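What's in input-v2.txt: compact mmCIF, C-alpha atoms and all ligand atoms
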# COMPACT_ATOMS: atom_id res chain seq x y z
CA MET A 21 69.75 122.46 93.14
CA SER A 22 70.87 125.92 94.19
CA ALA A 23 74.06 124.64 95.87
CA ALA A 24 75.29 123.46 92.47
CA GLY A 25 78.46 125.14 91.31
CA HIS A 26 79.62 125.57 87.78
CA GLY A 27 82.62 123.40 87.29
CA ALA A 28 85.56 124.90 85.48
CA ALA A 29 87.63 123.00 82.92
CA VAL A 30 91.22 122.55 84.05
CA ARG A 31 94.29 122.13 81.91
CA ILE A 32 97.77 121.64 83.22
CA GLU A 33 100.31 122.03 80.49
CA ALA A 34 103.88 120.75 80.72
CA CYS A 35 103.80 121.15 84.50
CA GLY A 36 106.87 119.72 86.17
CA LYS A 37 108.24 120.43 89.63
CA THR A 38 111.76 120.41 90.91
CA PHE A 39 112.11 121.58 94.50
CA ALA A 40 114.87 123.89 95.71
CA ASP A 41 116.86 120.96 97.12
CA GLY A 42 116.90 119.33 93.67
CA THR A 43 114.11 116.79 94.33
CA ARG A 44 112.29 116.11 91.09
CA ALA A 45 108.73 115.59 92.36
CA LEU A 46 106.96 115.76 89.00
CA ASP A 47 108.07 115.21 85.42
CA PRO A 48 106.46 117.69 83.01
CA ALA A 49 102.87 116.50 82.60
CA THR A 50 99.94 117.65 80.49
CA LEU A 51 96.42 116.82 81.58
CA ASP A 52 92.91 118.01 80.67
CA ILE A 53 90.08 117.75 83.16
CA ALA A 54 86.58 118.35 81.83
CA ARG A 55 83.97 120.56 83.51
CA GLY A 56 82.21 118.65 86.25
CA GLU A 57 84.55 115.66 85.95
CA THR A 58 85.98 113.86 88.97
CA LEU A 59 89.59 113.00 88.27
CA VAL A 60 91.48 110.84 90.76
CA LEU A 61 95.25 111.00 91.13
CA LEU A 62 96.25 107.55 92.37
CA GLY A 63 99.67 106.25 93.28
CA PRO A 64 102.01 105.17 96.05
CA SER A 65 103.46 107.54 98.62
CA GLY A 66 105.86 110.08 97.17
CA CYS A 67 104.80 109.70 93.51
CA GLY A 68 103.92 113.40 93.15
CA LYS A 69 100.12 113.42 93.60
CA THR A 70 100.04 116.16 96.21
CA THR A 71 102.54 118.23 94.27
CA MET A 72 100.27 118.14 91.21
CA LEU A 73 97.28 119.11 93.35
CA ARG A 74 99.18 121.98 94.96
CA ILE A 75 100.19 123.31 91.54
CA ILE A 76 96.50 123.32 90.51
CA ALA A 77 95.56 125.03 93.78
CA GLY A 78 98.17 127.74 93.40
CA LEU A 79 100.13 126.66 96.47
CA GLU A 80 103.09 125.70 94.34
CA LEU A 81 104.50 127.17 91.12
CA PRO A 82 105.35 124.72 88.33
CA ASP A 83 108.86 124.78 86.89
CA PRO A 84 109.35 127.40 84.15
CA GLY A 85 107.39 126.49 81.01
CA GLY A 86 104.54 124.89 82.95
CA LYS A 87 101.06 126.42 82.80
CA VAL A 88 97.77 126.00 84.66
CA LEU A 89 94.60 127.03 82.80
CA PHE A 90 91.04 127.26 84.11
CA ASP A 91 88.45 127.48 81.33
CA GLY A 92 91.27 128.37 78.99
CA LYS A 93 92.49 131.27 81.14
CA ASP A 94 96.10 131.23 82.29
CA MET A 95 96.06 131.00 86.10
CA THR A 96 99.70 130.03 86.60
CA SER A 97 100.64 133.10 88.61
CA VAL A 98 97.21 133.81 90.14
CA PRO A 99 97.30 133.27 93.94
CA ILE A 100 95.09 130.62 95.56
CA GLU A 101 92.59 133.10 96.99
CA ARG A 102 91.72 134.30 93.51
CA ARG A 103 91.41 130.87 91.88
CA ASN A 104 87.94 130.01 93.24
CA VAL A 105 89.04 126.58 94.45
CA GLY A 106 87.76 124.69 97.48
CA MET A 107 90.18 122.38 99.30
CA VAL A 108 89.85 119.53 101.78
CA PHE A 109 92.84 117.80 103.32
CA GLN A 110 93.39 114.69 105.38
CA SER A 111 93.73 116.91 108.44
CA TYR A 112 90.54 118.87 108.68
CA ALA A 113 92.09 122.31 109.21
CA LEU A 114 88.86 123.58 110.75
CA PHE A 115 88.67 126.35 113.33
CA PRO A 116 88.37 124.36 116.58
CA ASN A 117 86.67 127.06 118.66
CA MET A 118 84.05 128.03 116.13
CA THR A 119 80.74 126.25 115.72
CA VAL A 120 79.99 123.97 112.82
CA ALA A 121 77.78 126.62 111.20
CA ASP A 122 80.43 129.34 111.57
CA ASN A 123 83.07 127.07 110.07
CA ILE A 124 80.90 126.30 107.06
CA GLY A 125 79.96 129.95 106.61
CA TYR A 126 83.47 131.32 107.13
CA GLY A 127 84.44 131.63 103.47
CA LEU A 128 81.12 133.32 102.72
CA LYS A 129 81.58 135.78 105.55
CA ILE A 130 85.01 136.92 104.41
CA ARG A 131 83.58 137.32 100.92
CA GLY A 132 80.95 139.66 102.35
CA VAL A 133 77.91 137.47 101.67
CA PRO A 134 74.96 138.96 103.66
CA LYS A 135 73.99 137.19 106.86
CA GLN A 136 70.63 135.87 105.72
CA GLU A 137 71.96 134.41 102.50
CA ARG A 138 74.86 132.92 104.44
CA ALA A 139 72.49 131.21 106.86
CA ALA A 140 70.44 129.79 104.02
CA ARG A 141 73.54 128.41 102.27
CA VAL A 142 74.86 126.92 105.50
CA ALA A 143 71.50 125.23 106.17
CA GLU A 144 71.50 123.75 102.70
CA LEU A 145 75.00 122.35 103.09
CA VAL A 146 74.31 121.00 106.56
CA ALA A 147 71.46 119.00 105.06
CA LEU A 148 73.48 117.93 102.04
CA THR A 149 76.38 116.62 104.14
CA ASN A 150 74.18 114.87 106.73
CA ILE A 151 75.15 116.87 109.81
CA THR A 152 71.73 118.28 110.69
CA GLY A 153 71.47 118.96 114.41
CA LEU A 154 75.19 119.66 114.87
CA GLU A 155 75.15 123.28 113.66
CA ASN A 156 75.91 124.79 117.05
CA ARG A 157 78.51 122.29 118.23
CA ARG A 158 82.15 123.26 118.43
CA ILE A 159 84.53 121.32 116.17
CA ASP A 160 86.28 119.71 119.14
CA GLN A 161 82.94 118.13 120.09
CA LEU A 162 82.66 116.20 116.81
CA SER A 163 83.78 112.77 115.64
CA GLY A 164 86.29 112.38 112.81
CA GLY A 165 83.60 111.57 110.27
CA GLN A 166 81.54 114.58 111.31
CA ARG A 167 84.59 116.86 111.09
CA GLN A 168 85.32 115.63 107.60
CA ARG A 169 81.73 116.40 106.57
CA VAL A 170 82.10 119.94 107.97
CA ALA A 171 85.38 120.38 106.09
CA LEU A 172 83.66 119.31 102.90
CA ALA A 173 80.67 121.58 103.48
CA ARG A 174 83.02 124.49 104.16
CA ALA A 175 84.99 123.83 100.98
CA VAL A 176 81.91 123.77 98.74
CA ALA A 177 80.08 126.64 100.51
CA ILE A 178 81.88 129.23 98.42
CA ARG A 179 80.66 127.48 95.25
CA PRO A 180 84.11 126.81 93.92
CA GLY A 181 84.58 125.96 90.27
CA ILE A 182 87.13 123.34 91.30
CA LEU A 183 87.23 121.15 94.38
CA LEU A 184 90.59 119.73 95.44
CA LEU A 185 90.59 116.83 97.86
CA ASP A 186 93.80 115.38 99.30
CA GLU A 187 93.23 112.01 100.99
CA PRO A 188 90.16 113.37 102.79
CA LEU A 189 89.08 109.99 104.16
CA THR A 190 92.43 108.51 105.18
CA ALA A 191 92.18 109.43 108.86
CA LEU A 192 88.87 107.60 109.32
CA ASP A 193 88.27 103.97 110.27
CA ALA A 194 87.48 101.51 107.49
CA ALA A 195 83.70 101.24 107.93
CA LEU A 196 83.23 105.01 108.15
CA ARG A 197 85.53 105.52 105.18
CA ASP A 198 83.36 103.21 103.09
CA ARG A 199 80.18 105.03 104.07
CA LEU A 200 81.59 108.50 103.55
CA ARG A 201 82.98 107.43 100.20
CA GLY A 202 79.44 106.63 99.04
CA GLU A 203 78.11 109.90 100.42
CA LEU A 204 80.92 111.87 98.86
CA ASN A 205 80.23 110.25 95.52
CA ARG A 206 76.59 111.33 95.61
CA LEU A 207 77.53 114.82 96.77
CA LEU A 208 80.06 115.35 93.99
CA ARG A 209 77.55 114.18 91.37
CA ALA A 210 74.88 116.50 92.82
CA LEU A 211 77.16 119.54 92.90
CA GLY A 212 78.71 119.10 89.48
CA ILE A 213 81.93 120.77 90.57
CA THR A 214 85.13 119.75 88.76
CA THR A 215 86.92 117.63 91.34
CA ILE A 216 90.50 116.47 91.63
CA TYR A 217 90.91 113.81 94.27
CA VAL A 218 94.24 112.51 95.58
CA THR A 219 94.42 109.05 97.10
CA HIS A 220 96.61 105.97 97.39
CA ASP A 221 93.50 103.81 97.95
CA GLN A 222 92.44 102.05 94.76
CA ALA A 223 88.91 101.28 96.01
CA GLU A 224 88.34 105.00 96.56
CA ALA A 225 89.74 105.76 93.12
CA MET A 226 87.48 103.19 91.46
CA GLU A 227 84.31 104.38 93.16
CA LEU A 228 84.83 108.12 92.83
CA GLY A 229 86.76 108.65 89.62
CA ASP A 230 85.26 109.35 86.22
CA ARG A 231 88.87 108.90 85.21
CA ILE A 232 91.93 107.80 87.15
CA VAL A 233 95.48 109.00 86.65
CA VAL A 234 97.87 106.36 87.97
CA MET A 235 101.17 107.96 88.92
CA ARG A 236 104.57 106.48 89.57
CA LYS A 237 107.77 108.26 90.56
CA GLY A 238 106.65 111.69 89.39
CA ALA A 239 105.28 110.47 86.06
CA ILE A 240 101.87 109.52 84.72
CA ALA A 241 101.79 105.74 84.27
CA GLN A 242 98.27 105.54 82.78
CA ILE A 243 95.12 107.62 82.41
CA GLY A 244 91.75 105.99 81.88
CA SER A 245 88.31 105.15 83.20
CA PRO A 246 88.25 102.84 86.24
CA ARG A 247 87.31 99.96 83.92
CA GLU A 248 90.14 100.67 81.50
CA ILE A 249 92.67 100.89 84.31
CA TYR A 250 91.39 97.69 85.91
CA PHE A 251 90.87 95.51 82.85
CA THR A 252 93.54 96.84 80.52
CA PRO A 253 96.44 98.07 82.63
CA LYS A 254 99.30 99.26 80.50
CA ASP A 255 102.05 97.64 82.48
CA ARG A 256 102.88 95.51 85.47
CA PHE A 257 103.03 98.45 87.88
CA VAL A 258 99.47 99.56 87.09
CA ALA A 259 98.21 95.94 87.10
CA GLU A 260 99.60 95.29 90.56
CA PHE A 261 98.74 98.67 92.06
CA VAL A 262 95.08 98.54 91.05
CA GLY A 263 93.31 95.44 92.35
CA ALA A 264 94.71 91.97 92.93
CA ALA A 265 96.67 90.56 90.02
CA ASN A 266 98.45 87.30 89.27
CA ILE A 267 101.51 88.13 87.22
CA ILE A 268 102.75 85.11 85.33
CA GLU A 269 105.97 84.79 83.37
CA ALA A 270 105.89 81.97 80.83
CA PRO A 271 106.65 81.03 77.23
CA ILE A 272 103.82 81.24 74.76
CA GLU A 273 103.30 78.75 71.91
CA ASN A 274 100.74 79.27 69.15
CA GLY A 275 98.65 81.51 71.38
CA ALA A 276 98.81 79.40 74.53
CA LEU A 277 100.72 80.11 77.73
CA VAL A 278 102.76 77.03 78.58
CA LEU A 279 102.54 76.52 82.32
CA PRO A 280 103.52 73.73 84.74
CA GLY A 281 99.85 72.83 85.28
CA GLY A 282 98.72 72.94 81.64
CA ARG A 283 98.14 75.38 78.80
CA LEU A 284 96.04 78.54 78.81
CA GLN A 285 94.76 79.90 75.54
CA VAL A 286 95.18 83.67 75.13
CA ASP A 287 93.71 86.02 72.51
CA GLY A 288 95.81 85.84 69.35
CA ASN A 289 98.30 83.38 68.00
CA ALA A 290 101.63 84.55 69.39
CA THR A 291 104.73 82.48 69.99
CA ALA A 292 107.50 83.85 72.21
CA PRO A 293 110.10 82.40 74.58
CA ARG A 294 108.86 84.61 77.42
CA THR A 295 105.78 86.72 78.07
CA ILE A 296 104.32 88.45 81.09
CA ALA A 297 100.61 87.85 81.58
CA MET A 298 98.14 89.24 84.09
CA ILE A 299 95.13 87.30 85.35
CA ARG A 300 92.73 88.77 87.93
CA PRO A 301 91.82 86.24 90.67
CA GLU A 302 88.07 86.60 90.08
CA THR A 303 88.35 85.63 86.41
CA ILE A 304 89.67 82.14 87.21
CA ARG A 305 87.01 79.41 87.36
CA VAL A 306 87.37 76.46 89.68
CA MET A 307 86.35 73.08 88.22
CA GLU A 308 86.69 69.37 88.74
CA PRO A 309 90.34 68.20 88.62
CA VAL A 310 90.06 66.88 85.08
CA GLY A 311 87.78 69.62 83.79
CA GLY A 312 90.04 72.65 83.51
CA SER A 313 92.78 73.62 81.13
CA LEU A 314 95.04 73.99 84.14
CA SER A 315 95.47 71.75 87.15
CA GLY A 316 96.88 72.57 90.58
CA ILE A 317 96.75 71.81 94.28
CA ILE A 318 95.06 74.04 96.84
CA ASP A 319 97.66 75.40 99.21
CA SER A 320 95.28 77.36 101.44
CA VAL A 321 91.66 78.49 101.62
CA SER A 322 90.57 81.76 103.28
CA PHE A 323 86.94 82.59 103.83
CA VAL A 324 86.60 86.36 103.29
CA GLY A 325 82.81 86.60 103.48
CA ASP A 326 81.56 87.27 99.98
CA ARG A 327 84.01 84.73 98.44
CA LEU A 328 86.78 82.24 99.06
CA ARG A 329 90.34 83.20 98.32
CA LEU A 330 92.26 80.09 97.26
CA VAL A 331 96.01 79.94 96.89
CA VAL A 332 96.91 77.27 94.34
CA SER A 333 100.33 75.76 93.71
CA GLY A 334 101.65 73.78 90.76
CA ALA A 335 99.47 75.55 88.21
CA SER A 336 101.30 78.66 87.04
CA GLY A 337 104.90 78.34 88.20
CA LYS A 338 104.25 80.36 91.31
CA LEU A 339 101.38 80.59 93.77
CA LEU A 340 98.16 81.54 92.02
CA ASN A 341 95.44 83.55 93.78
CA VAL A 342 91.95 82.43 92.83
CA ASP A 343 88.65 83.95 93.99
CA ALA A 344 85.94 81.30 94.16
CA PRO A 345 82.26 81.44 95.15
CA ASN A 346 81.83 81.10 98.91
CA THR A 347 79.57 78.08 98.41
CA ILE A 348 82.08 75.61 96.97
CA GLN A 349 83.69 72.89 99.04
CA ALA A 350 87.45 73.30 98.93
CA LYS A 351 90.24 72.46 101.33
CA ALA A 352 94.02 72.54 101.37
CA GLY A 353 95.53 69.55 99.60
CA ASP A 354 92.66 69.10 97.11
CA ARG A 355 93.57 68.84 93.44
CA ILE A 356 91.46 71.18 91.32
CA GLY A 357 91.01 72.17 87.72
CA LEU A 358 91.07 75.81 86.65
CA SER A 359 89.97 77.62 83.53
CA VAL A 360 90.36 81.20 82.34
CA ALA A 361 88.68 82.79 79.32
CA PRO A 362 91.26 84.03 76.78
CA GLU A 363 89.92 87.59 77.00
CA SER A 364 90.66 87.61 80.76
CA ILE A 365 94.36 87.08 80.17
CA ARG A 366 96.19 90.32 79.51
CA LEU A 367 99.68 90.24 78.06
CA LEU A 368 101.87 93.01 79.44
CA PRO A 369 105.05 94.55 78.07
CA GLU A 370 108.39 93.57 79.58
CA ASP A 371 109.36 95.80 82.51
P1 LIG A 401 101.93 111.00 99.74
O1 LIG A 401 100.90 110.02 99.28
O2 LIG A 401 102.94 110.38 100.66
O3 LIG A 401 101.39 112.30 100.22
P2 LIG A 401 102.54 112.17 97.13
O4 LIG A 401 102.39 111.26 95.97
O5 LIG A 401 101.46 113.15 97.38
O6 LIG A 401 102.84 111.31 98.43
P3 LIG A 401 104.28 114.46 96.97
O7 LIG A 401 103.90 115.02 98.29
O8 LIG A 401 103.78 115.12 95.75
O9 LIG A 401 103.91 112.91 96.91
O10 LIG A 401 105.86 114.41 96.91
C1 LIG A 401 106.59 114.00 95.76
C2 LIG A 401 108.08 114.02 96.07
O11 LIG A 401 108.51 115.36 96.29
C3 LIG A 401 108.46 113.25 97.32
O12 LIG A 401 109.69 112.60 97.07
C4 LIG A 401 108.61 114.33 98.37
O13 LIG A 401 109.51 113.95 99.37
C5 LIG A 401 109.13 115.49 97.55
N1 LIG A 401 108.76 116.81 98.12
C6 LIG A 401 107.53 117.27 98.41
N2 LIG A 401 107.55 118.54 98.86
C7 LIG A 401 108.88 118.88 98.87
C8 LIG A 401 109.60 120.09 99.23
N3 LIG A 401 108.96 121.19 99.67
N4 LIG A 401 110.94 120.07 99.10
C9 LIG A 401 111.59 118.97 98.63
N5 LIG A 401 110.98 117.83 98.27
C10 LIG A 401 109.64 117.78 98.38

Go ahead and express the file in the form of structure tokens.
Amino acid sequence: MSAAGHGAAVRIEACGKTFADGTRALDPATLDIARGETLVLLGPSGCGKTTMLRIIAGLELPDPGGKVLFDGKDMTSVPIERRNVGMVFQSYALFPNMTVADNIGYGLKIRGVPKQERAARVAELVALTNITGLENRRIDQLSGGQRQRVALARAVAIRPGILLLDEPLTALDAALRDRLRGELNRLLRALGITTIYVTHDQAEAMELGDRIVVMRKGAIAQIGSPREIYFTPKDRFVAEFVGAANIIEAPIENGALVLPGGRLQVDGNATAPRTIAMIRPETIRVMEPVGGSLSGIIDSVSFVGDRLRLVVSGASGKLLNVDAPNTIQAKAGDRIGLSVAPESIRLLPED
């Protein structure tokens, strides 16, 4: 595909950031992003995601000692306009009085790309981002989803080596966000540009990221593939931030968690007066009252379409969230049995 860019490899080396007022936004971090990879920076508000992105963009200098390298070349003091990066923000930052086509072609125009080539590139991107027919509209005549597509097309028009996206879907309603997320995923794969994507939405991170960097209070909490982050979170913060998680504190005897509603076998043979275990709601199986290794009473049942979310008391010491198939008969007050495979129970370090 001729719109395909050549992704650059990115390395940030010991990049920390302390702002003039003394705010420590980022502890020194080192991170390698492969050519063509989509890396998601995920974390709660204020954890330093945008600061890291701005350092990569050249909008912010890291503290002394920090370095930004593109394909091994030191870019730390190169200004943004000479870094060959495309950026998309939550606010579209488009030119409201220009047409869609002129917005998309703007970066090409100021780079002196001839008119005919510009038109061809714009046409290609219009098709790629699903906005055919809107080329001559002004930005203020577009919906939010359409504006975000234009912003994306404009950012990739210059064939950047690196695409930086800061919560680009946050301003959109939930259904549109889901659809655009799928489209964006296909677009990023087709273009092969190295992409760094900031979000606090774990579903977005899971779908888009080749790898996810979970951040907390200016530090990297964990780096891994979506599966690694989801199934083997390093600590309680990552477990609870990514997906739904039951966190259970209990003693462990000969490899079994000792709980009010029974015993749950874990991998290994540990004995300890107190452990912290994580169990994802969808890994818990609902059975007849006498069938499971754990027994409890249904506190509430919510029908959420593709499944039932049960809240169970008396099983784990606190309320346990259980995802059950939407076909089972279950009501509040019922006694049920529960079972969990040992490999679905993850022991976490103490906080
Ligand atoms: P959000 O999801 O809310 O955008 P974030 O994870 O992107 O959050 P950053 O914008 O990187 O967080 O901010 C990290 C910390 O640095 C915050 O405590 C923020 O208030 C602070 N901060 C950001 N910019 C500045 C600045 N120019 N001067 C002082 N402090 C700043």

Report as a tab-separated table the residues of chain A within 9 Å of ligand LIG 401 (chain A), each with its shortest atom pair and distance in Å (one decimal), using all atoms listed in the file, ordered by chain and increasing residue number.
residue	atom	partner	partner_atom	distance
A:Lys37	CA	A:LIG401	O11	8.4
A:Thr38	CA	A:LIG401	N5	7.8
A:Phe39	CA	A:LIG401	C9	4.9
A:Ala40	CA	A:LIG401	N4	6.4
A:Asp41	CA	A:LIG401	C9	5.8
A:Gly42	CA	A:LIG401	C9	7.3
A:Thr43	CA	A:LIG401	N5	5.1
A:Arg44	CA	A:LIG401	O11	6.5
A:Ala45	CA	A:LIG401	O11	3.9
A:Leu46	CA	A:LIG401	C1	7.0
A:Leu61	CA	A:LIG401	O4	8.6
A:Leu62	CA	A:LIG401	O4	8.0
A:Gly63	CA	A:LIG401	O4	6.3
A:Pro64	CA	A:LIG401	O1	5.9
A:Ser65	CA	A:LIG401	O2	3.5
A:Gly66	CA	A:LIG401	O9	3.4
A:Cys67	CA	A:LIG401	O4	3.8
A:Gly68	CA	A:LIG401	O8	3.1
A:Lys69	CA	A:LIG401	O4	3.9
A:Thr70	CA	A:LIG401	O5	3.5
A:Thr71	CA	A:LIG401	O8	3.7
A:Met72	CA	A:LIG401	O8	6.5
A:Leu73	CA	A:LIG401	O8	8.0
A:Arg74	CA	A:LIG401	O8	8.3
A:Asp186	CA	A:LIG401	O5	8.2
A:Glu187	CA	A:LIG401	O1	8.1
A:Val218	CA	A:LIG401	O5	7.5
A:Thr219	CA	A:LIG401	O1	6.9
A:His220	CA	A:LIG401	O1	6.2
A:Met235	CA	A:LIG401	O4	7.9
A:Arg236	CA	A:LIG401	O4	8.3
A:Lys237	CA	A:LIG401	C1	7.8
A:Gly238	CA	A:LIG401	C1	6.8

Interatomic distance (Å, one decimal) between atom CA of A:Gly92 and atom CA of A:Arg179:
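If I compute the distance from atom CA of A:Gly92 to atom CA of A:Arg179, I get 19.4 Å.
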
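Within a radius of 12 Å around (104.5, 93.9, 81.5), the polymer residues are Thr252, Pro253, Lys254, Asp255, Arg256, Phe257, Val258, Ala259, Glu260, Asn266, Ile267, Ile268, Glu269, Arg294, Thr295, Ile296, Ala297, Met298, Arg366, Leu367, Leu368, Pro369, Glu370 and Asp371 of chain A, counting all atoms listed in the file.
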
Contacts of A:Ile365 within 9 Å, all atoms listed in the file, excl. fewer than 6 positions in-chain, as a VMD selection string
chain A and resid 284 to 287 297 to 300 303

Env of A:Thr190: 12 Å cut, atoms = only C-alpha atoms, seq-sep filter 3 positions within chain, self excluded. Answer as JSON, numbers by chain.
{"A": [108, 109, 110, 111, 112, 164, 165, 168, 185, 186, 187, 193, 194, 195, 196, 197, 198, 200, 201, 218, 219, 220, 221, 224]}

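Pairwise distance (atom CA of A:Arg138, atom CA of A:Gly125) equals 6.3 Å.
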
For atom CA of A:Asn117 and atom CA of A:Leu154, quote the distance in Å rounded to one decimal.
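Going from atom CA of A:Asn117 over to atom CA of A:Leu154 covers 14.2 Å.
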
Nearest to A:Ala175, restricted to all atoms listed in the file and choosing among A:Gly85, A:Gly281, A:Pro188, A:Gly36, comes out as A:Pro188

Residues near A:Glu101, anyone? I mean within 10 Å using all atoms listed in the file, not counting same-chain ones fewer than 2 positions away, as a ChimeraX atom specification.
/A:77-79,98-99,103-106

Write a file of the just-selected residues containing C-alpha atoms, as a PDB file, keeping the file's coordinate frame.
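Below you can see out-v8.pdb, which holds the result:
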ATOM      1  CA  ALA A  77      95.560 125.030  93.780  1.00  0.00           C
ATOM      2  CA  GLY A  78      98.170 127.740  93.400  1.00  0.00           C
ATOM      3  CA  LEU A  79     100.130 126.660  96.470  1.00  0.00           C
ATOM      4  CA  VAL A  98      97.210 133.810  90.140  1.00  0.00           C
ATOM      5  CA  PRO A  99      97.300 133.270  93.940  1.00  0.00           C
ATOM      6  CA  ARG A 103      91.410 130.870  91.880  1.00  0.00           C
ATOM      7  CA  ASN A 104      87.940 130.010  93.240  1.00  0.00           C
ATOM      8  CA  VAL A 105      89.040 126.580  94.450  1.00  0.00           C
ATOM      9  CA  GLY A 106      87.760 124.690  97.480  1.00  0.00           C
TER      10      GLY A 106
END

May I have the residues within 12 Å of stretch 328-335 of chain A as a ChimeraX atom specification, using all atoms listed in the file and disregarding those fewer than 4 positions away in the same chain?
/A:264,266,268,270,277-284,301-302,304-306,309,312-324,339-359

Nearest to A:Leu51: which of A:Glu308, A:Asp122, A:Glu33, A:Glu144 is it, counting only C-alpha atoms?
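Using only C-alpha atoms, the shortest distance to A:Leu51 belongs to A:Glu33.
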
Name the residues within 8 Å of (85.0, 115.9, 91.8), counting all atoms listed in the file in the file's coordinates, and put them as a ChimeraX atom specification.
/A:56-59,182-184,208-209,212-217,228-229

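The nearest approach to A:Leu211 among the residues A:His26, A:Gly337, A:Arg169, A:Thr119, with only C-alpha atoms taken into account, belongs to A:His26.
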
From the set A:Ile178, A:Ile159, A:Ala173, A:Ala241, which residue has the shortest atom-to-atom contact distance to A:Phe115, counting all atoms listed in the file?
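Smallest distance to A:Phe115 is found for A:Ile159.
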